[in-house]
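A.B. asks: Please read through the structure below; I'll follow up with questions.
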Amino acid sequence: MSENYTVQDVFNNFYSGYGKTHGLSAAQRKAAYHIMNCKTGAFGANVSVCEDCGCISIHYNSCRGRCCPMCQEFPKEKWVDARREDLLDAPYFHVVFTVPAELNPVIYSNQGFPYNALYHAASGTLNGLASDQKYLGAGIGCICILHTWGSAMNFHPHIHAIVLGGGLGSGNHWKDNGEDFFLPVKVISRVFRGKYLAELKQLWTGEKLEFHGTAEPYKNHYAFKELLDACYAKEWIPYCKKPFHGAGSVIKYLGKYTHRIAISNCRIKGMTDSTVTFTVKDYKNHGQWKELTLSGEESTRRFLMHVPPKRFVRIRHYGLLSSRNKSKKIALCRNLLGCMKYISRLKNLDAPAILKLLYNRDVCKCPSCGGNIVPLPAGQYYARPKPHLLC
């Protein structure tokens, strides 16, 4: 099997048939359109010519869709680099908040409201417990990122939180517990469970929940109450990772999660007229990678499950790291800790300069002779010399 298949190939082969037989949201249709037409010329092209040899270069525009696997690297690098200026020489932790699988039908049937409730419950749990004198007694900061997929593109909503392991006490002094995580995992579990289920109750009371497909039985008040009671009875299991080693590792780690999508092109290992094969992690076997083959329509369905609602914000900042706080409070924390300010490398650079810095690729130089490349005005493509020389 070829190793050069992409998500674009999967959609070009199977989306048309799938879209005719399944109801899709406007956001899903838009995401599919972007993926299928990215870098094909559908979004326009930039034509340039070398001043020395006349070599013509044509660069097709990308779709810039947030669900397109070909368009995530550049915005990811810019976003992660911008976060450098918010970093402190302090402990950071990675906490993952998950919900029981029994709630998945209700969450998927509604998406927007239950997704927002995940952010509220996760950030409220961390900030509320951290401010308690019993644990830390300080206001902390965190970045929360929603992922809705498991390794096999199954529906598995969860929040990744990058948590600043210290904060400002009541007298505006710095407090932390060093390399030790300042919150008990069992307490996090129970507080998060209570906050999230309370939000679902409020959504039900306010008649903001809809019930479609496998969630339809929960239209009944008693069935919905039984669902919540069953979830209250379960032990929710958050995950906390060891602290990062230095601010540089935080930067690298952020890049793994911020602009990730359900599946990357490199995981697709083969495709036939009716199936798609890709690699997945086998968590029952110590996270070893294995291959999974699904029908083309099922692969398309699973990918589209993870298209977020229109204008939905996936990366959110809270506490010290929120937009309204960080300009003053991060500077205060930096002074209290006596740490240096990390400077953004890409700030105020244009796209060609960023590409040269990150990938050592000068897009302003001709790949054939090294001469200067200039944009070719519209309508002059065939008037230029040596039009047969295409890069």
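We name chains A, B, ... following the order of the structure tokens; residues begin at 1 in each chain, and ligands are numbered from 1 as shown.
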List every residue of region 201-277 of chain A that has an atom at most 12 Å from any atom of region 116-130 of chain A, giving for each one its closest atom pair and the distance in Å to one decimal, counting only C-alpha atoms, sorted by chain and then by ascending residue number, as CSV.
C.D. replies:
residue,atom,partner,partner_atom,distance
A:Lys201,CA,A:Ala117,CA,10.8
A:Gln202,CA,A:Ala117,CA,10.2
A:Leu203,CA,A:Ala117,CA,9.3
A:Pro238,CA,A:Ala122,CA,10.2
A.B. asks: How close does each residue of region 39-155 of chain A get to region 333-350 of chain A, giving the shortest atom pair and distance in Å to one decimal for every residue with an atom at most 10 Å away, counting only C-alpha atoms, sorted by chain and residue number, as JSON lines?
C.D. replies:
{"residue": "A:Glu77", "atom": "CA", "partner": "A:Leu346", "partner_atom": "CA", "distance": 8.8}
{"residue": "A:Lys78", "atom": "CA", "partner": "A:Leu346", "partner_atom": "CA", "distance": 6.8}
{"residue": "A:Trp79", "atom": "CA", "partner": "A:Leu346", "partner_atom": "CA", "distance": 9.6}
{"residue": "A:Val80", "atom": "CA", "partner": "A:Ser344", "partner_atom": "CA", "distance": 9.2}
{"residue": "A:Asp81", "atom": "CA", "partner": "A:Ser344", "partner_atom": "CA", "distance": 5.6}
{"residue": "A:Ala82", "atom": "CA", "partner": "A:Ser344", "partner_atom": "CA", "distance": 5.6}
{"residue": "A:Arg83", "atom": "CA", "partner": "A:Ser344", "partner_atom": "CA", "distance": 7.7}
{"residue": "A:Arg84", "atom": "CA", "partner": "A:Tyr342", "partner_atom": "CA", "distance": 5.4}
{"residue": "A:Glu85", "atom": "CA", "partner": "A:Tyr342", "partner_atom": "CA", "distance": 5.1}
{"residue": "A:Asp86", "atom": "CA", "partner": "A:Tyr342", "partner_atom": "CA", "distance": 7.7}
{"residue": "A:Leu87", "atom": "CA", "partner": "A:Tyr342", "partner_atom": "CA", "distance": 6.9}
{"residue": "A:Leu88", "atom": "CA", "partner": "A:Arg334", "partner_atom": "CA", "distance": 6.4}
{"residue": "A:Asp89", "atom": "CA", "partner": "A:Cys339", "partner_atom": "CA", "distance": 6.1}
{"residue": "A:Ala90", "atom": "CA", "partner": "A:Leu337", "partner_atom": "CA", "distance": 8.3}
A.B. asks: Would you save the residues from that selection as an mmCIF file, in the first residue's frame, using N, CA and C atoms?
C.D. replies:
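part_29.cif, freshly written:
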data_model
loop_
_atom_site.group_PDB
_atom_site.id
_atom_site.type_symbol
_atom_site.label_atom_id
_atom_site.label_comp_id
_atom_site.auth_asym_id
_atom_site.auth_seq_id
_atom_site.Cartn_x
_atom_site.Cartn_y
_atom_site.Cartn_z
ATOM 1 N N GLU A 77 2.817 27.373 14.675
ATOM 2 C CA GLU A 77 4.117 27.951 15.012
ATOM 3 C C GLU A 77 3.965 29.403 15.464
ATOM 4 N N LYS A 78 3.106 30.152 14.809
ATOM 5 C CA LYS A 78 2.909 31.554 15.180
ATOM 6 C C LYS A 78 2.248 31.668 16.549
ATOM 7 N N TRP A 79 1.247 30.824 16.810
ATOM 8 C CA TRP A 79 0.542 30.891 18.096
ATOM 9 C C TRP A 79 1.459 30.478 19.246
ATOM 10 N N VAL A 80 2.159 29.364 19.057
ATOM 11 C CA VAL A 80 3.045 28.888 20.120
ATOM 12 C C VAL A 80 4.149 29.896 20.394
ATOM 13 N N ASP A 81 4.698 30.491 19.336
ATOM 14 C CA ASP A 81 5.757 31.476 19.526
ATOM 15 C C ASP A 81 5.249 32.700 20.293
ATOM 16 N N ALA A 82 4.002 33.108 20.016
ATOM 17 C CA ALA A 82 3.440 34.267 20.722
ATOM 18 C C ALA A 82 3.277 33.997 22.209
ATOM 19 N N ARG A 83 3.113 32.723 22.580
ATOM 20 C CA ARG A 83 2.948 32.366 24.003
ATOM 21 C C ARG A 83 4.263 32.462 24.767
ATOM 22 N N ARG A 84 5.370 32.591 24.069
ATOM 23 C CA ARG A 84 6.659 32.720 24.756
ATOM 24 C C ARG A 84 6.655 33.888 25.731
ATOM 25 N N GLU A 85 6.001 34.980 25.346
ATOM 26 C CA GLU A 85 6.042 36.191 26.156
ATOM 27 C C GLU A 85 5.202 36.073 27.434
ATOM 28 N N ASP A 86 4.412 34.986 27.538
ATOM 29 C CA ASP A 86 3.604 34.775 28.738
ATOM 30 C C ASP A 86 4.229 33.765 29.689
ATOM 31 N N LEU A 87 5.360 33.168 29.297
ATOM 32 C CA LEU A 87 5.939 32.088 30.097
ATOM 33 C C LEU A 87 6.675 32.609 31.327
ATOM 34 N N LEU A 88 6.624 31.819 32.380
ATOM 35 C CA LEU A 88 7.365 32.099 33.608
ATOM 36 C C LEU A 88 8.276 30.922 33.924
ATOM 37 N N ASP A 89 9.355 31.182 34.616
ATOM 38 C CA ASP A 89 10.220 30.092 35.089
ATOM 39 C C ASP A 89 9.594 29.507 36.349
ATOM 40 N N ALA A 90 8.523 28.766 36.148
ATOM 41 C CA ALA A 90 7.747 28.181 37.245
ATOM 42 C C ALA A 90 7.243 26.817 36.785
#
A.B. asks: Using the chain letters and numbers from this document, which residues of region 9-187 of chain A does DSSP assign to strand (DSSP E), as a count of residues only?
C.D. replies: 43
A.B. asks: So how far away is CA of Lys356 (chain A) from CA of Ile373 (chain A), in Å?
C.D. replies: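 These two atoms are separated by 14.7 Å.
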A.B. asks: If DSSP is run on the backbone, what residues of region 107-338 of chain A are alpha helix (DSSP H)? A reply as a VMD selection string would be ideal.
C.D. replies: chain A and resid 107 to 110 112 to 130 185 to 205 221 to 233 247 to 257 296 to 304 323 to 337
A.B. asks: Skip Cys266 (chain A) itself and residues of its chain fewer than 4 positions away, then list as a list of chain:residue names all residues within 10 Å of it, counting only C-alpha atoms.
C.D. replies: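 What passes the distance filter is A:Glu3, A:Asn4, A:Tyr5, A:Thr6, A:Val7, A:Pro69, A:Phe278, A:Thr279.
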A.B. asks: Fewer than 3 positions away in the same chain doesn't count, so skip those; otherwise give me all residues within 8 Å of Cys144 (chain A), counting only C-alpha atoms, as an MDAnalysis selection string.
C.D. replies: chainID A and resid 119 123 159:162 314:318
A.B. asks: Using only C-alpha atoms, determine which residues lie at most 8 Å from region 289-298 of chain A, disregarding the query and same-chain residues fewer than 2 positions distant; provide the list as a list in words.
C.D. replies: Val10, Asn13, Phe14, Tyr15, Gly17, Tyr18, Ala152, Ser274, Thr275, Val276, Thr277, Phe278, Thr279, Val280, Lys281, Asp282, Gly287, Thr300, Arg301 and Arg302 of chain A
A.B. asks: Compare A:Cys67, A:Asp132, A:Asn61, A:Cys53 by their minimum atom-to-atom distance to Ile35 (chain A), counting only C-alpha atoms, and give me the closest one.
C.D. replies: A:Cys67
A.B. asks: Using only C-alpha atoms, what does the table of region 231-308 of chain A residues within 12 Å of region 136-143 of chain A look like, with each row giving the shortest atom pair and its distance in Å to one decimal, sorted by chain and ascending number, as a tab-separated table?
C.D. replies:
residue	atom	partner	partner_atom	distance
A:Val250	CA	A:Ile143	CA	11.7
A:Leu254	CA	A:Ile143	CA	9.5
A:Tyr257	CA	A:Ile143	CA	10.9
A:Thr258	CA	A:Ile143	CA	9.7
A.B. asks: Nearest residue to Ala233 (chain A) out of A:Ile145, A:Met36, A:Leu197, A:Leu376, using only C-alpha atoms?
C.D. replies: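 Of A:Ile145, A:Met36, A:Leu197, A:Leu376, the one nearest Ala233 (chain A) is A:Leu197, counting only C-alpha atoms.
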A.B. asks: Quick check, in Å to one decimal: how far apart do CA of Ile237 (chain A) and CA of Tyr196 (chain A) lie?
C.D. replies: 13.6 Å
A.B. asks: Between CA of Leu209 (chain A) and CA of Lys195 (chain A), what distance in Å does the model show, to one decimal?
C.D. replies: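 We find that CA of Leu209 (chain A) and CA of Lys195 (chain A) lie 17.2 Å from each other.
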A.B. asks: Closest to Lys310 (chain A) among A:Gly370, A:Pro91, A:Gly206, A:Gly65, using only C-alpha atoms?
C.D. replies: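 Once distances to Lys310 (chain A) are computed over only C-alpha atoms, the minimum belongs to A:Gly65.
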